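Novice: Have a look at the structure that comes next, please.
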Amino acid sequence: MLHFLLTPFSEGGGVFNLFNYITFRAGGAFFTALLFGFLFGRPIIDMLRRMQKKGQPIREDGPQSHIIAKAGTPTMGGVMVLGALLVSTLLWGRWDNGYTWMVLFVTFCFGSIGFADDFLKVAKFNTKGVPGRIRLAAGFTTALIAALWAMYLQPDELSGRLAFPIFKNLLLNLSWGFLPFAMIVIVGAANAVNLTDGLDGLAIMPVMIAAGTLGIIAYAVGRTDFTTYLDVHYVPGTGEIMVFVAALMGAGLGFLWYNAPPAAVFMGDTGSLALGGALGAIAVATKHEIVLAIVGGLFVVEALSVIIQVFWFKRTGRRVFLMAPIHHHFEKKGWAEPTIVIRFWIVSVILALIGLATLKLR
């Protein structure tokens, strides 16, 4: 919004010319979202506590330490993140950029699915929310619309094609087969982040790290000079996604202030599904779906641990992990919760650096 209001005054240079720069507006979005979290975080948490009374229901089959330590903690803290994200992106982003609206659409549709799930869990005070089939149907419908949207926005030489991070001259033409592929990427990312959100602060920092990496990639592939130097595919317009990503990182830090151990609020499905969906949507928009599997490798491992556990238990009656997702496995092995969280953060940073390295590898 500020771009449209203030850039008419930028003719001939001057301070208003700064609003033409994505990097300046990204900085503004970051600090606006961060300030939103600091100003409204506590009132939102207090409101959630009054509304929920008993807080988030804790799984009885989960770690026994959670039943006592985390009982009564309010959930649906994702509304804090989404509120900061929406205000900051609309304030600092360009309203004429289709990619921004596509990513916002995915984020808030998945956020709505998560909100409904959290609301039912709190209302009934049990861990059963929206039935899985309905959640998946709504998620895949959202992802289908986003995939079609991305194909429409992308240039003809890239639309419907799969790009590879190292073999950069290779483009696999999936045609309309790109739709189910993109749907799996978006829905898979949303649910993988959701599975990771099981310890205080565990999900939000890796989300910010992965988002920051994808934001750099979005900025790079949206500039012809960068794409020429890095020898990657030019996707015009994606640079504006960096404003959204900066807002997400500011909102994430504001949330982490209250979600750090011991958490005053949980993100809930409202936040985890929304942020995971956002990561998937950014990857699809920038043609870096494979890179998402690298920078979001922690989420991939968390999801795979559940799949492997369920498959092997149904097949043999035995478990591969002491408990799934895998962060609970390490809890069972005696690792302290902060130890698991910080070590997983370190892994996320390493994976992000590997993902960024693929921009120059050939």
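Chain labels A, B, ... are given in the sequence in which chains occur in the structure tokens; within each chain residues are numbered consecutively from 1, and ligands are likewise numbered from 1 in the order shown.
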Within segment 90-313 of chain A, find each residue whose DSSP state, derived from the backbone, is strand (DSSP E or B), and express the selection as a list in words.

Specialist: Arg161, Leu162, Ala163, Leu171, Leu172 and Asn173 of chain A

Novice: Report as a PyMOL selection string all protein, DNA and RNA residues lying within 8 Å of segment 167-182 of chain A, evaluated on only C-alpha atoms, omitting residues in the same chain fewer than 6 positions from it.

Specialist: chain A and resi 143-144+147-148+158-161+231-233+284+362

Novice: Can you pull out every residue within 12 Å of Ala336 of chain A, counting only C-alpha atoms, but drop anything in the same chain fewer than 6 positions away, and send it as a list of chain:residue names?

Specialist: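 So the residues in contact are A:Ser65, A:Leu199, A:Asp200, A:Pro261, A:His327, A:His328, A:His329, A:Phe330, A:Ile342, A:Arg343.
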
Novice: Excluding segment 302-318 of chain A and any residue of its chain fewer than 2 positions from it, enumerate the residues within 10 Å of it, using only C-alpha atoms, and give them as a ChimeraX atom specification.

Specialist: /A:188-189,191-197,297-300,320-327,329

Novice: Wanna dump the segment 163-269 of chain A-segment 28-51 of chain A contacts at 7 Å for me, each residue with its shortest atom pair and the distance in Å to one decimal, counting only C-alpha atoms, ordered by chain and number, as JSON lines?

Specialist:
```
{"residue": "A:Val243", "atom": "CA", "partner": "A:Ala29", "partner_atom": "CA", "distance": 6.3}
{"residue": "A:Ala246", "atom": "CA", "partner": "A:Phe30", "partner_atom": "CA", "distance": 4.8}
{"residue": "A:Ala247", "atom": "CA", "partner": "A:Phe30", "partner_atom": "CA", "distance": 4.5}
{"residue": "A:Met249", "atom": "CA", "partner": "A:Phe30", "partner_atom": "CA", "distance": 6.5}
{"residue": "A:Gly250", "atom": "CA", "partner": "A:Leu34", "partner_atom": "CA", "distance": 4.4}
{"residue": "A:Ala251", "atom": "CA", "partner": "A:Ala33", "partner_atom": "CA", "distance": 4.8}
{"residue": "A:Leu253", "atom": "CA", "partner": "A:Leu34", "partner_atom": "CA", "distance": 6.5}
{"residue": "A:Gly254", "atom": "CA", "partner": "A:Gly37", "partner_atom": "CA", "distance": 4.4}
{"residue": "A:Phe255", "atom": "CA", "partner": "A:Gly37", "partner_atom": "CA", "distance": 6.3}
{"residue": "A:Val265", "atom": "CA", "partner": "A:Ile45", "partner_atom": "CA", "distance": 6.6}
```

Novice: Restrict the selected residues to C-alpha atoms and save them as an mmCIF file, in the first residue's frame.

Specialist:
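The result, written out as result05.cif:
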```cif
data_model
loop_
_atom_site.group_PDB
_atom_site.id
_atom_site.type_symbol
_atom_site.label_atom_id
_atom_site.label_comp_id
_atom_site.auth_asym_id
_atom_site.auth_seq_id
_atom_site.Cartn_x
_atom_site.Cartn_y
_atom_site.Cartn_z
ATOM 1 C CA VAL A 243 8.530 -8.585 1.320
ATOM 2 C CA ALA A 246 10.493 -10.539 5.664
ATOM 3 C CA ALA A 247 7.075 -10.025 7.244
ATOM 4 C CA MET A 249 10.337 -13.605 9.744
ATOM 5 C CA GLY A 250 9.386 -10.558 11.809
ATOM 6 C CA ALA A 251 6.086 -12.175 12.787
ATOM 7 C CA LEU A 253 10.400 -13.654 15.915
ATOM 8 C CA GLY A 254 7.557 -11.825 17.639
ATOM 9 C CA PHE A 255 5.833 -15.165 18.190
ATOM 10 C CA VAL A 265 1.287 -20.024 23.844
#
```

Novice: Take atom CA of Met208 of chain A and atom CA of Thr339 of chain A and report the distance between them in Å, one decimal.

Specialist: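 One can read the atom CA of Met208 of chain A to atom CA of Thr339 of chain A distance as 19.0 Å.
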
Novice: Go through A:Ala285, A:Val291, A:Ile184, A:Leu279 and flag the residue nearest Leu248 of chain A, using only C-alpha atoms for the distances.

Specialist: A:Leu279

Novice: Ranking A:Gly72, A:Gly296, A:Gly93, A:Gly83 by minimum distance to Ser348 of chain A and counting only C-alpha atoms, which one comes first?

Specialist: A:Gly296

Novice: For Asp117 of chain A, which residue out of A:Gly252, A:Pro155, A:Gly271, A:Pro74 is the nearest one, using only C-alpha atoms?

Specialist: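 Smallest separation from Asp117 of chain A among the options: A:Gly271.
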
Novice: A:Cys109, A:Ile216, A:Ala210, A:Val221: which is nearest Leu351 of chain A, counting only C-alpha atoms?

Specialist: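 Ranked by minimum distance to Leu351 of chain A, first place goes to A:Ala210.
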
Novice: Distance atom CA of Gly201 of chain A-atom CA of Thr73 of chain A, one decimal place?

Specialist: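 Separation between atom CA of Gly201 of chain A and atom CA of Thr73 of chain A: 13.8 Å.
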